[in-house]
>>> print(open('model.tsv').read())   # TSV, C-alpha atoms
chain	number	residue	atom	x	y	z
A	1	MET	CA	34.21	-8.94	7.42
A	2	ASP	CA	30.65	-10.18	7.87
A	3	LYS	CA	29.86	-10.18	4.17
A	4	ILE	CA	26.19	-11.15	4.54
A	5	ARG	CA	25.57	-8.21	6.84
A	6	ALA	CA	27.52	-5.89	4.54
A	7	LEU	CA	25.42	-7.05	1.58
A	8	ARG	CA	22.20	-6.39	3.49
A	9	TYR	CA	23.37	-2.90	4.40
A	10	PHE	CA	24.44	-2.18	0.81
A	11	LYS	CA	21.08	-3.40	-0.54
A	12	ARG	CA	19.09	-1.07	1.69
A	13	VAL	CA	21.41	1.93	1.08
A	14	VAL	CA	20.77	1.54	-2.65
A	15	GLU	CA	17.01	1.36	-2.04
A	16	LEU	CA	16.78	4.23	0.47
A	17	ASN	CA	19.63	6.43	-0.85
A	18	SER	CA	20.60	7.22	2.72
A	19	PHE	CA	23.02	5.82	5.29
A	20	THR	CA	21.02	7.48	8.06
A	21	ALA	CA	17.72	5.87	7.04
A	22	VAL	CA	19.37	2.44	6.85
A	23	ALA	CA	20.99	2.98	10.24
A	24	GLU	CA	17.59	3.76	11.76
A	25	GLU	CA	16.10	0.65	10.17
A	26	PHE	CA	18.82	-1.65	11.51
A	27	GLU	CA	19.19	0.32	14.76
A	28	VAL	CA	22.94	0.80	14.43
A	29	PRO	CA	25.09	3.93	14.00
A	30	ALA	CA	25.31	5.35	10.49
A	31	SER	CA	29.08	5.05	10.72
A	32	SER	CA	28.71	1.28	11.05
A	33	ILE	CA	26.67	1.13	7.85
A	34	SER	CA	29.21	3.22	5.97
A	35	ARG	CA	32.15	1.21	7.30
A	36	ARG	CA	30.60	-2.15	6.36
A	37	VAL	CA	29.85	-0.99	2.83
A	38	LYS	CA	33.40	0.38	2.46
A	39	ASP	CA	34.76	-2.99	3.57
A	40	LEU	CA	32.60	-4.64	0.92
A	41	GLU	CA	33.91	-2.26	-1.75
A	42	ARG	CA	37.48	-2.90	-0.62
A	43	SER	CA	37.02	-6.67	-0.86
A	44	LEU	CA	35.59	-6.32	-4.38
A	45	GLY	CA	38.09	-3.72	-5.50
A	46	VAL	CA	35.37	-1.47	-6.98
A	47	GLU	CA	33.34	1.56	-5.96
A	48	LEU	CA	29.68	0.66	-5.44
A	49	LEU	CA	28.46	4.00	-4.09
A	50	GLN	CA	29.32	7.62	-4.72
A	51	ARG	CA	29.16	9.59	-1.50
A	52	SER	CA	28.80	13.32	-0.95
A	53	THR	CA	27.77	15.48	2.00
A	54	ARG	CA	24.22	15.68	0.63
A	55	GLN	CA	23.43	12.36	-1.00
A	56	VAL	CA	24.44	8.83	-1.86
A	57	LYS	CA	24.32	7.56	-5.44
A	58	VAL	CA	24.88	4.07	-6.72
A	59	THR	CA	27.52	3.62	-9.43
A	60	GLU	CA	26.90	1.69	-12.65
A	61	LEU	CA	28.84	-1.26	-11.25
A	62	GLY	CA	26.88	-0.84	-8.01
A	63	LYS	CA	23.59	-1.11	-9.90
A	64	LEU	CA	24.74	-4.28	-11.59
A	65	TYR	CA	25.98	-5.76	-8.32
A	66	TYR	CA	22.72	-4.81	-6.57
A	67	SER	CA	20.61	-6.53	-9.23
A	68	MET	CA	22.62	-9.73	-8.82
A	69	VAL	CA	22.74	-9.93	-5.02
A	70	THR	CA	19.18	-8.78	-4.18
A	71	LYS	CA	17.48	-12.05	-5.08
A	72	ALA	CA	20.14	-14.06	-3.27
A	73	ILE	CA	19.71	-12.01	-0.09
A	74	ARG	CA	15.94	-12.39	-0.21
A	75	GLN	CA	16.22	-16.16	-0.68
A	76	LEU	CA	18.70	-16.42	2.18
A	77	GLU	CA	16.42	-14.48	4.53
A	78	GLN	CA	13.45	-16.63	3.57
A	79	ALA	CA	15.47	-19.81	4.06
A	80	ASP	CA	16.57	-18.64	7.53
A	81	GLU	CA	12.98	-17.92	8.55
A	82	LEU	CA	11.64	-21.15	7.07
A	83	VAL	CA	14.14	-23.40	8.85
A	84	SER	CA	13.98	-21.51	12.16
A	85	GLN	CA	10.20	-21.90	12.36
A	86	THR	CA	9.71	-25.41	10.98
A	87	PHE	CA	9.96	-27.13	14.36
A	88	GLU	CA	8.54	-24.54	16.70
A	89	ALA	CA	5.40	-22.50	17.25
A	90	PRO	CA	5.11	-19.61	14.76
A	91	SER	CA	6.69	-16.48	16.15
A	92	GLY	CA	8.51	-13.33	15.12
A	93	LEU	CA	7.71	-10.21	13.14
A	94	ILE	CA	5.27	-9.84	10.24
A	95	ARG	CA	5.34	-6.51	8.38
A	96	ILE	CA	2.06	-5.51	6.74
A	97	SER	CA	1.28	-2.51	4.57
A	98	CYS	CA	-2.39	-1.68	3.98
A	99	LEU	CA	-4.45	1.19	2.62
A	100	PRO	CA	-5.56	3.19	5.66
A	101	THR	CA	-9.37	3.01	5.72
A	102	TYR	CA	-9.46	-0.68	4.81
A	103	GLY	CA	-6.86	-1.39	7.46
A	104	GLU	CA	-8.76	0.45	10.18
A	105	GLN	CA	-12.18	-0.93	9.32
A	106	HIS	CA	-11.46	-4.48	8.20
A	107	LEU	CA	-7.88	-5.66	8.74
A	108	THR	CA	-7.36	-4.57	12.36
A	109	PRO	CA	-10.21	-6.72	13.78
A	110	VAL	CA	-8.94	-9.72	11.81
A	111	LEU	CA	-5.39	-9.32	13.13
A	112	GLU	CA	-6.70	-9.04	16.68
A	113	LYS	CA	-8.38	-12.44	16.27
A	114	PHE	CA	-5.21	-13.85	14.68
A	115	SER	CA	-3.15	-12.67	17.67
A	116	GLN	CA	-5.40	-14.63	20.03
A	117	HIS	CA	-4.40	-17.82	18.21
A	118	TYR	CA	-0.71	-16.93	17.72
A	119	PRO	CA	0.37	-14.62	20.57
A	120	ASN	CA	4.09	-14.93	19.75
A	121	ILE	CA	3.73	-13.18	16.40
A	122	VAL	CA	4.36	-9.43	16.40
A	123	PHE	CA	2.85	-7.15	13.75
A	124	ASP	CA	4.55	-4.10	12.28
A	125	LEU	CA	1.61	-2.34	10.63
A	126	SER	CA	1.89	0.51	8.15
A	127	TYR	CA	-1.50	1.95	7.17
A	128	ASN	CA	-0.75	4.25	4.26
A	129	ASP	CA	-1.16	4.62	0.50
A	130	ASP	CA	2.53	4.21	-0.29
A	131	LEU	CA	3.00	1.83	-3.20
A	132	SER	CA	5.16	-0.76	-1.44
A	133	GLN	CA	7.24	-3.05	-3.64
A	134	LEU	CA	7.37	-6.56	-2.21
A	135	GLY	CA	10.87	-7.92	-2.34
A	136	LYS	CA	12.34	-4.43	-2.22
A	137	ASP	CA	10.65	-2.65	0.65
A	138	PRO	CA	10.62	-4.23	4.14
A	139	VAL	CA	7.07	-5.57	3.76
A	140	ASP	CA	5.88	-9.19	4.00
A	141	ILE	CA	2.21	-8.70	3.12
A	142	ALA	CA	0.45	-5.81	1.41
A	143	ILE	CA	-3.21	-4.96	0.85
A	144	ARG	CA	-3.92	-2.54	-1.98
A	145	GLY	CA	-6.91	-1.30	-3.94
A	146	GLY	CA	-7.11	-0.87	-7.70
A	147	PHE	CA	-6.25	-3.28	-10.49
A	148	ALA	CA	-4.49	-6.59	-9.96
A	149	PRO	CA	-0.77	-5.75	-9.98
A	150	ASP	CA	1.44	-6.96	-12.80
A	151	GLU	CA	4.51	-7.26	-10.57
A	152	HIS	CA	5.93	-10.68	-9.70
A	153	VAL	CA	3.80	-11.34	-6.63
A	154	ILE	CA	0.76	-13.42	-5.74
A	155	ALA	CA	-2.42	-11.32	-5.72
A	156	LYS	CA	-5.57	-12.70	-4.07
A	157	ARG	CA	-8.75	-10.72	-4.50
A	158	LEU	CA	-10.38	-9.87	-1.17
A	159	SER	CA	-13.34	-7.84	-2.43
A	160	SER	CA	-14.57	-5.60	-5.18
A	161	ASN	CA	-13.54	-1.96	-5.07
A	162	GLU	CA	-16.53	-0.30	-6.69
A	163	PHE	CA	-16.80	3.45	-6.22
A	164	SER	CA	-19.95	5.39	-5.34
A	165	LEU	CA	-20.63	9.10	-5.74
A	166	VAL	CA	-22.26	10.10	-2.46
A	167	ALA	CA	-23.41	13.14	-0.53
A	168	THR	CA	-25.86	13.92	2.26
A	169	PRO	CA	-29.58	14.11	1.42
A	170	GLN	CA	-29.51	17.76	2.52
A	171	PHE	CA	-26.67	18.59	0.13
A	172	ILE	CA	-28.48	16.97	-2.79
A	173	ALA	CA	-31.77	18.68	-1.91
A	174	ASN	CA	-30.07	22.08	-2.01
A	175	LEU	CA	-28.54	21.59	-5.47
A	176	GLU	CA	-29.77	24.00	-8.11
A	177	HIS	CA	-29.62	21.39	-10.84
A	178	ASP	CA	-32.08	18.96	-12.37
A	179	ARG	CA	-31.69	15.35	-11.32
A	180	PRO	CA	-30.16	13.09	-12.42
A	181	LEU	CA	-27.05	15.26	-12.76
A	182	ASN	CA	-25.41	15.49	-16.17
A	183	LYS	CA	-21.68	15.92	-16.79
A	184	SER	CA	-21.66	19.73	-16.69
A	185	ALA	CA	-23.70	19.77	-13.49
A	186	ILE	CA	-21.31	17.36	-11.75
A	187	GLU	CA	-18.36	19.53	-12.79
A	188	SER	CA	-19.97	22.64	-11.27
A	189	VAL	CA	-21.01	21.08	-7.94
A	190	PRO	CA	-18.49	21.22	-5.02
A	191	SER	CA	-16.47	18.01	-4.86
A	192	LEU	CA	-14.24	16.35	-2.29
A	193	GLN	CA	-11.13	14.84	-3.87
A	194	TYR	CA	-8.63	12.34	-2.60
A	195	ARG	CA	-4.89	12.91	-3.10
A	196	GLY	CA	-2.93	9.67	-3.52
A	197	PRO	CA	0.83	9.04	-3.70
A	198	ARG	CA	0.86	10.11	-7.36
A	199	GLY	CA	-1.32	13.18	-7.05
A	200	VAL	CA	-4.97	14.16	-6.87
A	201	ILE	CA	-7.27	11.33	-7.98
A	202	GLU	CA	-9.37	12.30	-11.00
A	203	TRP	CA	-13.00	11.32	-11.61
A	204	TYR	CA	-14.51	9.93	-14.79
A	205	MET	CA	-18.09	9.63	-16.04
A	206	LEU	CA	-19.49	6.95	-18.30
A	207	THR	CA	-21.36	8.81	-21.05
A	208	ASP	CA	-22.70	7.14	-24.21
A	209	GLY	CA	-20.55	4.10	-23.55
A	210	GLN	CA	-17.32	6.09	-23.12
A	211	TRP	CA	-15.46	7.22	-20.03
A	212	GLN	CA	-14.81	10.95	-20.00
A	213	PRO	CA	-12.69	12.88	-17.46
A	214	LEU	CA	-14.48	15.37	-15.25
A	215	LYS	CA	-13.15	18.90	-14.65
A	216	LEU	CA	-14.16	19.18	-11.03
A	217	SER	CA	-14.74	22.10	-8.67
A	218	PRO	CA	-13.01	20.80	-5.52
A	219	LYS	CA	-14.03	22.14	-2.14
A	220	VAL	CA	-11.60	19.99	-0.16
A	221	ILE	CA	-8.55	17.99	-1.28
A	222	SER	CA	-6.96	15.59	1.21
A	223	ASN	CA	-4.95	12.38	1.47
A	224	ASN	CA	-7.05	11.38	4.46
A	225	GLY	CA	-10.28	9.48	3.84
A	226	LYS	CA	-11.68	10.28	7.28
A	227	ALA	CA	-11.29	14.02	6.64
A	228	LEU	CA	-13.12	13.77	3.33
A	229	THR	CA	-15.89	11.64	4.83
A	230	ALA	CA	-16.31	14.19	7.62
A	231	ALA	CA	-16.55	16.96	5.02
A	232	ALA	CA	-19.19	15.00	3.13
A	233	LEU	CA	-21.20	14.44	6.32
A	234	ASN	CA	-21.03	18.20	6.95
A	235	HIS	CA	-22.73	18.85	3.56
A	236	ARG	CA	-19.61	20.33	1.96
A	237	GLY	CA	-19.61	18.38	-1.30
A	238	MET	CA	-19.83	15.12	-3.22
A	239	PHE	CA	-17.35	12.34	-2.53
A	240	CYS	CA	-16.42	9.52	-4.93
A	241	VAL	CA	-15.39	6.77	-2.54
A	242	PRO	CA	-15.12	2.96	-2.32
A	243	SER	CA	-18.52	1.63	-1.30
A	244	TRP	CA	-17.02	-0.70	1.34
A	245	SER	CA	-15.60	2.28	3.26
A	246	ILE	CA	-18.95	4.03	3.80
A	247	CYS	CA	-21.41	1.12	4.00
A	248	ASN	CA	-22.46	2.13	7.54
A	249	TYR	CA	-23.33	5.65	6.41
A	250	LEU	CA	-25.25	4.33	3.42
A	251	GLU	CA	-27.21	1.96	5.66
A	252	SER	CA	-28.05	4.76	8.12
A	253	GLY	CA	-29.02	7.15	5.32
A	254	GLU	CA	-26.52	9.79	6.41
A	255	LEU	CA	-25.00	9.49	2.93
A	256	VAL	CA	-26.86	8.53	-0.24
A	257	GLN	CA	-25.99	7.91	-3.87
A	258	VAL	CA	-25.97	11.07	-5.96
A	259	PRO	CA	-28.38	10.59	-8.92
A	260	CYS	CA	-26.35	10.95	-12.14
A	261	GLU	CA	-27.00	10.33	-15.83
A	262	GLY	CA	-24.03	7.97	-15.96
A	263	LYS	CA	-21.71	6.05	-13.66
A	264	VAL	CA	-18.99	8.07	-11.93
A	265	SER	CA	-15.72	6.46	-10.81
A	266	VAL	CA	-12.05	7.19	-10.27
A	267	SER	CA	-11.08	4.71	-12.96
A	268	PRO	CA	-12.17	4.67	-16.60
A	269	GLY	CA	-13.46	1.11	-16.64
A	270	GLY	CA	-11.71	-2.04	-15.61
A	271	ASP	CA	-12.17	-4.55	-12.82
A	272	LEU	CA	-11.23	-2.80	-9.61
A	273	GLY	CA	-10.63	-4.77	-6.45
A	274	VAL	CA	-8.90	-4.96	-3.08
A	275	PHE	CA	-5.98	-7.39	-3.29
A	276	LEU	CA	-3.90	-9.30	-0.78
A	277	LEU	CA	-0.29	-9.37	-2.04
A	278	TYR	CA	2.64	-11.54	-1.02
A	279	GLU	CA	5.72	-13.19	-2.50
A	280	ARG	CA	5.49	-16.83	-3.49
A	281	GLY	CA	8.74	-17.69	-1.69
A	282	LYS	CA	7.66	-16.14	1.59
A	283	TYR	CA	4.44	-18.14	1.60
A	284	GLN	CA	6.54	-21.18	2.56
A	285	ILE	CA	7.41	-19.52	5.88
A	286	PRO	CA	4.88	-20.83	8.43
A	287	LYS	CA	4.04	-17.48	10.06
A	288	ILE	CA	3.49	-15.82	6.66
A	289	LYS	CA	1.36	-18.69	5.34
A	290	LEU	CA	-0.77	-18.73	8.49
A	291	CYS	CA	-1.31	-14.98	8.34
A	292	VAL	CA	-2.05	-14.84	4.60
A	293	ASP	CA	-4.56	-17.68	4.85
A	294	PHE	CA	-6.21	-16.20	7.94
A	295	ILE	CA	-6.62	-12.76	6.35
A	296	TYR	CA	-7.90	-14.19	3.08
A	297	ASN	CA	-10.41	-16.53	4.71
A	298	SER	CA	-11.64	-13.73	6.98
A	299	LEU	CA	-11.95	-10.95	4.40
A	300	ASN	CA	-12.61	-12.69	1.10
A	301	GLY	CA	-15.91	-11.44	-0.29
A	302	ARG	CA	-16.27	-8.40	1.95
>>> encode(input="model.tsv", output="structure tokens")
Amino acid sequence: MDKIRALRYFKRVVELNSFTAVAEEFEVPASSISRRVKDLERSLGVELLQRSTRQVKVTELGKLYYSMVTKAIRQLEQADELVSQTFEAPSGLIRISCLPTYGEQHLTPVLEKFSQHYPNIVFDLSYNDDLSQLGKDPVDIAIRGGFAPDEHVIAKRLSSNEFSLVATPQFIANLEHDRPLNKSAIESVPSLQYRGPRGVIEWYMLTDGQWQPLKLSPKVISNNGKALTAAALNHRGMFCVPSWSICNYLESGELVQVPCEGKVSVSPGGDLGVFLLYERGKYQIPKIKLCVDFIYNSLNGR
């Protein structure tokens, strides 16, 4: 039995709860995944997974075993990559997860320049809002907005992530409210809300030194920033959005700041930013170090 391969299969089955999903990831038949894990269980003399026609569940012993072998597998994979690339030009696959709009507007041009210097490196890019867990999900580098994460990863700040409440000049001119808008006025005006992985993103207003939630009147709700920006440009509502994502529209005057009595944001205070995330151990791998440094030096301060 190839125990290392069996351990890798077992690790991903626990994380994905599916033999089929793991088979697709490793590009092997699902029966091979199941057989390898059964061989592992037979060699240990314990049941690691409970199987049924509908789902796969990890046993209590399986959970314990998973927690003990995960770090070892990660260290082994990093050691393999480190040694294989020490004496040759950087090459291979780098998996990057990035929030969509930032990826399209800022990261993609940087990676194109990087590829000109290191043509043997292949990128697997996932532009989505999924909250990837480095060390668990198959991701080498992640770029996320919000607060600095408290997980055990390195987080380098690329830029601020200040939010602006914007709309078209025409939309603001047609409002039947005095300006600047107070809390009740903002709550009655059509809004465009973003839906993240954990649900619809709420807005807050800073009033008398305190952040208060807003009970909005949404016109459009979407998990796609481009769709919401298009709706804003078509005078359909106000949009609370990261300033970096609409700087071109602000410069052209197509969108402007909505005058309000207090600051409006999606977070009640705190230091929001866009962060470059990676594991300390993986930074020793030449291709990862080169990519992390290139992204940081290119985007820091944007």
>>> residues_near_point(input="model.tsv", point="(-31.0, 19.5, -7.9)", cutoff="12 Å", atoms="only C-alpha atoms", output="JSON, numbers by chain")
{"A": [169, 170, 171, 172, 173, 174, 175, 176, 177, 178, 179, 180, 181, 182, 185, 186, 188, 189, 258, 259, 260]}
>>> write_last_selection(input="model.tsv", atoms="C-alpha atoms", output="tab-separated table (two decimals), in the frame of the given file")
chain	number	residue	atom	x	y	z
A	169	PRO	CA	-29.58	14.11	1.42
A	170	GLN	CA	-29.51	17.76	2.52
A	171	PHE	CA	-26.67	18.59	0.13
A	172	ILE	CA	-28.48	16.97	-2.79
A	173	ALA	CA	-31.77	18.68	-1.91
A	174	ASN	CA	-30.07	22.08	-2.01
A	175	LEU	CA	-28.54	21.59	-5.47
A	176	GLU	CA	-29.77	24.00	-8.11
A	177	HIS	CA	-29.62	21.39	-10.84
A	178	ASP	CA	-32.08	18.96	-12.37
A	179	ARG	CA	-31.69	15.35	-11.32
A	180	PRO	CA	-30.16	13.09	-12.42
A	181	LEU	CA	-27.05	15.26	-12.76
A	182	ASN	CA	-25.41	15.49	-16.17
A	185	ALA	CA	-23.70	19.77	-13.49
A	186	ILE	CA	-21.31	17.36	-11.75
A	188	SER	CA	-19.97	22.64	-11.27
A	189	VAL	CA	-21.01	21.08	-7.94
A	258	VAL	CA	-25.97	11.07	-5.96
A	259	PRO	CA	-28.38	10.59	-8.92
A	260	CYS	CA	-26.35	10.95	-12.14
>>> closest_residue(input="model.tsv", among="A:Glu77, A:Glu112, A:Asp140, A:Glu60", to="Glu279 (chain A)", atoms="all atoms listed in the file")
A:Asp140
>>> closest_atom_pairs(input="model.tsv", of="region 63-177 of chain A", to="region 211-232 of chain A", cutoff="8 Å", atoms="all atoms listed in the file", output="JSON lines")
{"residue": "A:Thr101", "atom": "CA", "partner": "A:Gly225", "partner_atom": "CA", "distance": 6.8}
{"residue": "A:Ala167", "atom": "CA", "partner": "A:Ala232", "partner_atom": "CA", "distance": 5.9}
{"residue": "A:Thr168", "atom": "CA", "partner": "A:Ala232", "partner_atom": "CA", "distance": 6.8}
>>> residues_around(input="model.tsv", residues="Gly262 (chain A)", least_positions_apart="6", cutoff="8 Å", atoms="only C-alpha atoms", output="list in words")
Asn182, Met205, Leu206 and Thr207 of chain A
>>> residues_around(input="model.tsv", residues="region 10-14 of chain A", least_positions_apart="3", cutoff="12 Å", atoms="only C-alpha atoms", output="count of residues only")
54
>>> atom_distance(input="model.tsv", atom1="CA of Thr108 (chain A)", atom2="CA of Ala142 (chain A)")
13.5 Å
>>> closest_residue(input="model.tsv", among="A:Leu111, A:Ile141, A:Leu158, A:Val28", to="Phe275 (chain A)", atoms="only C-alpha atoms")
A:Leu158
>>> residues_around(input="model.tsv", residues="Phe123 (chain A)", least_positions_apart="4", cutoff="10 Å", atoms="all atoms listed in the file", output="VMD selection string")
chain A and resid 92 to 96 111 115
>>> write_last_selection(input="model.tsv", atoms="C-alpha atoms", output="PDB file, in the frame of the given file")
ATOM      1  CA  GLY A  92       8.510 -13.330  15.120  1.00  0.00           C
ATOM      2  CA  LEU A  93       7.710 -10.210  13.140  1.00  0.00           C
ATOM      3  CA  ILE A  94       5.270  -9.840  10.240  1.00  0.00           C
ATOM      4  CA  ARG A  95       5.340  -6.510   8.380  1.00  0.00           C
ATOM      5  CA  ILE A  96       2.060  -5.510   6.740  1.00  0.00           C
ATOM      6  CA  LEU A 111      -5.390  -9.320  13.130  1.00  0.00           C
ATOM      7  CA  SER A 115      -3.150 -12.670  17.670  1.00  0.00           C
TER       8      SER A 115
END
>>> residues_around(input="model.tsv", residues="Gly281 (chain A)", least_positions_apart="5", cutoff="10 Å", atoms="only C-alpha atoms", output="list in words")
Arg74, Gln75, Gln78, Ala79, Leu82, Val153 and Ile154 of chain A
>>> closest_residue(input="model.tsv", among="A:Leu272, A:Val166, A:Tyr283, A:Asp208", to="His235 (chain A)", atoms="all atoms listed in the file")
A:Val166
>>> atom_distance(input="model.tsv", atom1="CA of Leu276 (chain A)", atom2="CA of Leu250 (chain A)")
25.7 Å
>>> axis_aligned_box(input="model.tsv", around="region 278-285 of chain A", padding_each_side="3 Å", output="lines of an AutoDock Vina configuration file")
center_x = 5.7
center_y = -16.4
center_z = 1.2
size_x = 12.1
size_y = 15.6
size_z = 15.4
>>> closest_residue(input="model.tsv", among="A:Gly273, A:Pro109, A:Gly253, A:Gly199", to="Phe294 (chain A)", atoms="only C-alpha atoms")
A:Pro109
>>> atom_distance(input="model.tsv", atom1="CA of Ser191 (chain A)", atom2="CA of Gln210 (chain A)")
21.8 Å
>>> closest_residue(input="model.tsv", among="A:Gly209, A:Pro190, A:Gln257, A:Tyr278", to="Arg236 (chain A)", atoms="only C-alpha atoms")
A:Pro190
